[in-house]
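Engineer: Quick one: the structure is below, and I'll ask about it shortly.
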Amino acid sequence: MWPWPLRRVRKANIPDTERDYFERYGENVIAMMVSSGFTGNVANARDWLTERADARERRERWISGRDLFLEIVIIALIGWEIHEGRQQAKVLEHMDSTSGDTASAMKTARDSLKSLADAQNEALKILQQEQAERAKKPRFTIYVGNVPIDKANARLVPLAGNAQDMASLDLVLKNEGDVLANPSQIHILVPEDTNFDLSPIPPVPESEEPPKPATRTMSYAVPLMPVDKTIRIHARIWAPKGRAAFSAAFTITTPQLQAVTPLGSLTVLPPKH
């Protein structure tokens, strides 16, 4: 029996199309969209966020209970081995008083017990190292120059003889995690009447899944990134003249992370008048 009950997951009763959309962009992005004036079904989004929070807490409780059980088993085994070793040592000490041959046998047994204890310690070290390695993950951060993207903005500039305004800026993507990052994909969610272009990283075709109404998503391929590696990216933004300020939400997906990971949002401002 677990030392504490597993949390009941409050299942969200929402359409499959909305569930697929929410799971594609992840909890952080959906929470950010709801808090910033999300125009979709807010109740469904909140129910989905509640379901995800319940599922995450249930998993965390299960993992905590499992780890506690394993630690108790390991401690019990070590205690049993220590107890058995002491009992054998007492028997061997008694036999030592009978003859020199017994003393030699006792020494051999003691050496065996020491080897067993050393092997147990080595196994524990290996287990701890494996747990530490599994905990290591890449961690992506994106900057505008030297400023985190959430604290930066881009301002559109009118283009002569063109029905659109444009902004141009340089981004820096960095792996600030503990391990090399496998090939990944950056996704940018923007209003459907705007466009976002990144170079020199190549674009990736979007899936057949229809986007959320009034939005569009652009994806780009990111190569292997060692720890502390940076990639400089040139970004160009287009929007129709008269377009109000809007946000471009950046996320990244990689096989090493289970869910879509938010990188932050860039605020795009209209031209100065």
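To be explicit about the labels: the chains of the structure tokens are called A, B, and onward in the order shown, and within each one the residues are counted from 1, while ligands get numbers from 1 in the order they are shown.
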Could you tell me, as an MDAnalysis selection string, which residues of range 31-236 of chain A DSSP assigns to alpha helix (DSSP H) when given the backbone?
Structural biologist: chainID A and resid 31:35 42:96 100:135
Engineer: Taking 2 positions as the minimum chain separation for residues in the same chain, which residues sit within 10 Å of Lys151 in chain A when counting only C-alpha atoms? Answer as a list in words.
Structural biologist: Tyr143, Val144, Val147, Pro148, Ile149, Asn153, Gly264, Ser265, Leu266 and Thr267 of chain A
Engineer: Could you save the residues just selected, with N, CA and C atoms, as a PDB file, in the first residue's frame?
Structural biologist:
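Writing the result to out_36.pdb gives the following:
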ATOM      1  N   TYR A 143      17.286  34.077 -26.970  1.00  0.00           N
ATOM      2  CA  TYR A 143      17.517  35.483 -26.658  1.00  0.00           C
ATOM      3  C   TYR A 143      17.329  36.327 -27.913  1.00  0.00           C
ATOM      4  N   VAL A 144      16.990  37.601 -27.696  1.00  0.00           N
ATOM      5  CA  VAL A 144      17.060  38.618 -28.743  1.00  0.00           C
ATOM      6  C   VAL A 144      18.294  39.451 -28.411  1.00  0.00           C
ATOM      7  N   VAL A 147      19.137  39.653 -24.586  1.00  0.00           N
ATOM      8  CA  VAL A 147      17.942  39.800 -23.750  1.00  0.00           C
ATOM      9  C   VAL A 147      17.043  38.575 -23.914  1.00  0.00           C
ATOM     10  N   PRO A 148      16.585  37.940 -22.817  1.00  0.00           N
ATOM     11  CA  PRO A 148      15.640  36.830 -22.956  1.00  0.00           C
ATOM     12  C   PRO A 148      14.423  37.264 -23.771  1.00  0.00           C
ATOM     13  N   ILE A 149      13.908  36.367 -24.588  1.00  0.00           N
ATOM     14  CA  ILE A 149      12.875  36.745 -25.544  1.00  0.00           C
ATOM     15  C   ILE A 149      11.612  37.291 -24.872  1.00  0.00           C
ATOM     16  N   ASN A 153      11.204  42.924 -27.467  1.00  0.00           N
ATOM     17  CA  ASN A 153      10.131  43.164 -28.421  1.00  0.00           C
ATOM     18  C   ASN A 153      10.733  43.540 -29.766  1.00  0.00           C
ATOM     19  N   GLY A 264       9.191  30.991 -24.752  1.00  0.00           N
ATOM     20  CA  GLY A 264       8.808  32.361 -24.446  1.00  0.00           C
ATOM     21  C   GLY A 264       8.058  32.988 -25.610  1.00  0.00           C
ATOM     22  N   SER A 265       7.625  34.210 -25.408  1.00  0.00           N
ATOM     23  CA  SER A 265       6.859  34.929 -26.425  1.00  0.00           C
ATOM     24  C   SER A 265       7.535  36.255 -26.750  1.00  0.00           C
ATOM     25  N   LEU A 266       7.545  36.581 -28.036  1.00  0.00           N
ATOM     26  CA  LEU A 266       8.098  37.849 -28.506  1.00  0.00           C
ATOM     27  C   LEU A 266       6.933  38.776 -28.813  1.00  0.00           C
ATOM     28  N   THR A 267       6.948  39.976 -28.258  1.00  0.00           N
ATOM     29  CA  THR A 267       5.934  40.987 -28.535  1.00  0.00           C
ATOM     30  C   THR A 267       6.326  41.770 -29.779  1.00  0.00           C
TER      31      THR A 267
END
Engineer: May I ask for the distance between CA of Met225 in chain A and CA of Ala181 in chain A, given in Å to one decimal place?
Structural biologist: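 CA of Met225 in chain A sits 5.0 Å away from CA of Ala181 in chain A.
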Engineer: Any idea what's packed within 12 Å of Val222 in chain A, counting only C-alpha atoms, ignoring anything in its chain fewer than 4 positions away? Could you give it as a PyMOL selection string?
Structural biologist: chain A and resi 140+173-175+181-187+198-204+226+229-233+252-254
Engineer: How about saving the chosen residues, N, CA and C atoms kept, as a tab-separated table (two decimals), in the first residue's frame?
Structural biologist:
chain	number	residue	atom	x	y	z
A	140	PHE	N	16.74	24.55	-23.33
A	140	PHE	CA	16.88	25.55	-24.37
A	140	PHE	C	16.44	26.92	-23.87
A	173	LEU	N	19.77	30.98	-30.02
A	173	LEU	CA	19.27	29.80	-29.34
A	173	LEU	C	20.44	29.11	-28.65
A	174	LYS	N	20.29	28.78	-27.35
A	174	LYS	CA	21.39	28.20	-26.58
A	174	LYS	C	20.91	26.98	-25.81
A	175	ASN	N	21.76	25.95	-25.76
A	175	ASN	CA	21.52	24.78	-24.92
A	175	ASN	C	22.21	24.99	-23.58
A	181	ALA	N	21.94	18.07	-26.90
A	181	ALA	CA	20.55	18.05	-27.34
A	181	ALA	C	20.45	17.40	-28.71
A	182	ASN	N	19.57	16.43	-28.84
A	182	ASN	CA	19.33	15.79	-30.12
A	182	ASN	C	18.69	16.77	-31.10
A	183	PRO	N	18.66	16.45	-32.40
A	183	PRO	CA	17.97	17.33	-33.35
A	183	PRO	C	16.55	17.65	-32.88
A	184	SER	N	16.17	18.91	-32.99
A	184	SER	CA	14.92	19.40	-32.44
A	184	SER	C	14.16	20.20	-33.50
A	185	GLN	N	13.00	20.71	-33.10
A	185	GLN	CA	12.22	21.58	-33.97
A	185	GLN	C	11.69	22.76	-33.17
A	186	ILE	N	11.89	23.97	-33.72
A	186	ILE	CA	11.30	25.18	-33.14
A	186	ILE	C	9.96	25.42	-33.82
A	187	HIS	N	8.94	25.78	-33.02
A	187	HIS	CA	7.62	26.10	-33.55
A	187	HIS	C	7.26	27.53	-33.14
A	198	LEU	N	12.65	32.28	-40.37
A	198	LEU	CA	13.92	32.11	-39.68
A	198	LEU	C	14.96	31.58	-40.67
A	199	SER	N	16.18	32.05	-40.54
A	199	SER	CA	17.29	31.53	-41.36
A	199	SER	C	18.57	31.61	-40.52
A	200	PRO	N	19.54	30.72	-40.76
A	200	PRO	CA	19.63	29.76	-41.86
A	200	PRO	C	19.03	28.40	-41.57
A	201	ILE	N	18.36	28.20	-40.44
A	201	ILE	CA	17.80	26.88	-40.14
A	201	ILE	C	16.65	26.60	-41.11
A	202	PRO	N	16.53	25.36	-41.59
A	202	PRO	CA	15.54	25.06	-42.63
A	202	PRO	C	14.13	24.89	-42.06
A	203	PRO	N	13.11	25.26	-42.85
A	203	PRO	CA	11.72	25.03	-42.41
A	203	PRO	C	11.36	23.56	-42.45
A	204	VAL	N	10.36	23.20	-41.66
A	204	VAL	CA	9.86	21.83	-41.60
A	204	VAL	C	8.38	21.85	-41.97
A	226	PRO	N	25.52	20.71	-28.66
A	226	PRO	CA	26.26	20.35	-27.43
A	226	PRO	C	25.92	21.32	-26.29
A	229	LYS	N	26.28	25.24	-26.42
A	229	LYS	CA	26.33	25.59	-27.84
A	229	LYS	C	25.27	26.64	-28.15
A	230	THR	N	25.58	27.61	-29.02
A	230	THR	CA	24.62	28.61	-29.45
A	230	THR	C	24.46	28.57	-30.96
A	231	ILE	N	23.25	28.89	-31.40
A	231	ILE	CA	22.97	29.02	-32.83
A	231	ILE	C	22.39	30.40	-33.06
A	232	ARG	N	22.99	31.15	-33.97
A	232	ARG	CA	22.50	32.48	-34.31
A	232	ARG	C	21.48	32.36	-35.44
A	233	ILE	N	20.33	32.98	-35.24
A	233	ILE	CA	19.21	32.87	-36.17
A	233	ILE	C	18.75	34.28	-36.56
A	252	ILE	N	9.61	24.45	-28.46
A	252	ILE	CA	10.58	23.54	-29.07
A	252	ILE	C	10.21	22.12	-28.69
A	253	THR	N	10.41	21.18	-29.63
A	253	THR	CA	10.18	19.76	-29.36
A	253	THR	C	11.46	19.00	-29.65
A	254	THR	N	11.74	18.00	-28.81
A	254	THR	CA	12.92	17.14	-28.97
A	254	THR	C	12.60	15.79	-28.36
Engineer: Which residue, A:Val179, A:Ile74, A:Ala12, A:Leu68, has the smallest gap to Arg139 in chain A when you use only C-alpha atoms?
Structural biologist: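 Closest to Arg139 in chain A, using only C-alpha atoms: A:Val179.
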Engineer: Which residue is closest to Val172 in chain A? Choose from A:Val260, A:Glu71, A:Leu127, A:Thr141 and count only C-alpha atoms.
Structural biologist: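 Of A:Val260, A:Glu71, A:Leu127, A:Thr141, the one nearest Val172 in chain A, counting only C-alpha atoms, is A:Thr141.
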Engineer: Figure out the distance between CA of Lys212 in chain A and CA of Ala167 in chain A, please, to one decimal in Å.
Structural biologist: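 Calculated distance between CA of Ala167 in chain A and CA of Lys212 in chain A is 24.7 Å.
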Engineer: Report as a PDB file with C-alpha atoms, in the first residue's frame all protein, DNA and RNA residues lying within 8 Å of Ser168 in chain A, evaluated on only C-alpha atoms, omitting residues in the same chain fewer than 3 positions from it.
Structural biologist:
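Dumped everything to result.pdb:
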ATOM      1  CA  ALA A 154      10.323  43.847 -32.143  1.00  0.00           C
ATOM      2  CA  HIS A 234      18.062  35.777 -38.319  1.00  0.00           C
ATOM      3  CA  ALA A 235      14.311  36.424 -38.064  1.00  0.00           C
ATOM      4  CA  ARG A 236      12.045  38.452 -40.340  1.00  0.00           C
ATOM      5  CA  ILE A 237       8.448  39.308 -39.446  1.00  0.00           C
TER       6      ILE A 237
END
Engineer: Name all residues at most 12 Å from Arg155 in chain A (count only C-alpha atoms; drop same-chain ones fewer than 6 positions away) and give them as number ranges by chain.
Structural biologist: A: 165-169, 236-239, 243-247, 266-273
Engineer: Write out the residues from the selection above, keeping N, CA and C atoms, as a PDB file, in the first residue's frame.
Structural biologist:
ATOM      1  N   ASP A 165       4.061  45.650 -43.323  1.00  0.00           N
ATOM      2  CA  ASP A 165       5.185  46.183 -42.551  1.00  0.00           C
ATOM      3  C   ASP A 165       6.093  45.012 -42.192  1.00  0.00           C
ATOM      4  N   MET A 166       7.363  45.320 -41.903  1.00  0.00           N
ATOM      5  CA  MET A 166       8.315  44.245 -41.634  1.00  0.00           C
ATOM      6  C   MET A 166       9.236  44.618 -40.479  1.00  0.00           C
ATOM      7  N   ALA A 167       9.675  43.622 -39.741  1.00  0.00           N
ATOM      8  CA  ALA A 167      10.694  43.783 -38.706  1.00  0.00           C
ATOM      9  C   ALA A 167      11.776  42.748 -38.936  1.00  0.00           C
ATOM     10  N   SER A 168      13.009  43.099 -38.597  1.00  0.00           N
ATOM     11  CA  SER A 168      14.143  42.196 -38.754  1.00  0.00           C
ATOM     12  C   SER A 168      14.959  42.213 -37.470  1.00  0.00           C
ATOM     13  N   LEU A 169      15.331  41.028 -36.973  1.00  0.00           N
ATOM     14  CA  LEU A 169      16.099  40.963 -35.729  1.00  0.00           C
ATOM     15  C   LEU A 169      16.890  39.660 -35.689  1.00  0.00           C
ATOM     16  N   ARG A 236      12.782  37.380 -39.669  1.00  0.00           N
ATOM     17  CA  ARG A 236      12.045  38.452 -40.340  1.00  0.00           C
ATOM     18  C   ARG A 236      10.555  38.252 -40.101  1.00  0.00           C
ATOM     19  N   ILE A 237       9.863  39.352 -39.801  1.00  0.00           N
ATOM     20  CA  ILE A 237       8.448  39.308 -39.446  1.00  0.00           C
ATOM     21  C   ILE A 237       7.688  40.217 -40.405  1.00  0.00           C
ATOM     22  N   TRP A 238       6.558  39.722 -40.922  1.00  0.00           N
ATOM     23  CA  TRP A 238       5.684  40.536 -41.772  1.00  0.00           C
ATOM     24  C   TRP A 238       4.293  40.585 -41.168  1.00  0.00           C
ATOM     25  N   ALA A 239       3.645  41.747 -41.312  1.00  0.00           N
ATOM     26  CA  ALA A 239       2.266  41.910 -40.866  1.00  0.00           C
ATOM     27  C   ALA A 239       1.599  42.955 -41.747  1.00  0.00           C
ATOM     28  N   ARG A 243      -1.884  46.608 -38.585  1.00  0.00           N
ATOM     29  CA  ARG A 243      -2.030  45.480 -37.651  1.00  0.00           C
ATOM     30  C   ARG A 243      -1.652  45.919 -36.248  1.00  0.00           C
ATOM     31  N   ALA A 244      -2.501  45.579 -35.267  1.00  0.00           N
ATOM     32  CA  ALA A 244      -2.200  45.895 -33.868  1.00  0.00           C
ATOM     33  C   ALA A 244      -1.062  45.004 -33.364  1.00  0.00           C
ATOM     34  N   ALA A 245      -0.526  45.346 -32.208  1.00  0.00           N
ATOM     35  CA  ALA A 245       0.543  44.549 -31.610  1.00  0.00           C
ATOM     36  C   ALA A 245       0.063  43.107 -31.400  1.00  0.00           C
ATOM     37  N   PHE A 246       0.965  42.157 -31.517  1.00  0.00           N
ATOM     38  CA  PHE A 246       0.619  40.753 -31.326  1.00  0.00           C
ATOM     39  C   PHE A 246       1.823  40.024 -30.718  1.00  0.00           C
ATOM     40  N   SER A 247       1.589  38.779 -30.295  1.00  0.00           N
ATOM     41  CA  SER A 247       2.644  37.969 -29.691  1.00  0.00           C
ATOM     42  C   SER A 247       2.955  36.774 -30.584  1.00  0.00           C
ATOM     43  N   LEU A 266       7.545  36.581 -28.036  1.00  0.00           N
ATOM     44  CA  LEU A 266       8.098  37.849 -28.506  1.00  0.00           C
ATOM     45  C   LEU A 266       6.933  38.776 -28.813  1.00  0.00           C
ATOM     46  N   THR A 267       6.948  39.976 -28.258  1.00  0.00           N
ATOM     47  CA  THR A 267       5.934  40.987 -28.535  1.00  0.00           C
ATOM     48  C   THR A 267       6.326  41.770 -29.779  1.00  0.00           C
ATOM     49  N   VAL A 268       5.437  41.815 -30.757  1.00  0.00           N
ATOM     50  CA  VAL A 268       5.684  42.540 -31.996  1.00  0.00           C
ATOM     51  C   VAL A 268       4.806  43.794 -32.007  1.00  0.00           C
ATOM     52  N   LEU A 269       5.440  44.959 -32.096  1.00  0.00           N
ATOM     53  CA  LEU A 269       4.740  46.243 -31.989  1.00  0.00           C
ATOM     54  C   LEU A 269       4.523  46.849 -33.382  1.00  0.00           C
ATOM     55  N   PRO A 270       3.450  47.640 -33.542  1.00  0.00           N
ATOM     56  CA  PRO A 270       3.219  48.302 -34.834  1.00  0.00           C
ATOM     57  C   PRO A 270       4.240  49.425 -35.037  1.00  0.00           C
ATOM     58  N   PRO A 271       4.339  49.971 -36.275  1.00  0.00           N
ATOM     59  CA  PRO A 271       5.295  51.061 -36.537  1.00  0.00           C
ATOM     60  C   PRO A 271       4.988  52.308 -35.711  1.00  0.00           C
ATOM     61  N   LYS A 272       6.025  53.068 -35.413  1.00  0.00           N
ATOM     62  CA  LYS A 272       5.832  54.336 -34.740  1.00  0.00           C
ATOM     63  C   LYS A 272       5.222  55.345 -35.718  1.00  0.00           C
ATOM     64  N   HIS A 273       4.361  56.215 -35.221  1.00  0.00           N
ATOM     65  CA  HIS A 273       3.731  57.221 -36.065  1.00  0.00           C
ATOM     66  C   HIS A 273       4.317  58.592 -35.762  1.00  0.00           C
TER      67      HIS A 273
END
Engineer: Suppose you want the space between CA of Asp170 in chain A and CA of Leu224 in chain A; what is it in Å?
Structural biologist: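 Value for the CA of Asp170 in chain A-CA of Leu224 in chain A distance: 20.2 Å.
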Engineer: Rank A:Ala248, A:Leu113, A:Met32, A:Ile142 by their smallest atom-to-atom distance to Thr194 in chain A, using only C-alpha atoms, and report the top residue only.
Structural biologist: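 So, comparing all the options, the nearest one is A:Ala248.
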Engineer: Could you pull out all residues of range 58-170 of chain A with a DSSP call of strand (DSSP E) and give them as a ChimeraX atom specification?
Structural biologist: /A:140-144,147-148,153-155,157-158,164-170
Engineer: Under the rule that only C-alpha atoms are counted, which of A:Val29, A:Leu257, A:Ala45, A:Val9 is the nearest residue to Gly177 in chain A?
Structural biologist: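 Looking only at the distances to Gly177 in chain A, the closest residue turns out to be A:Leu257.
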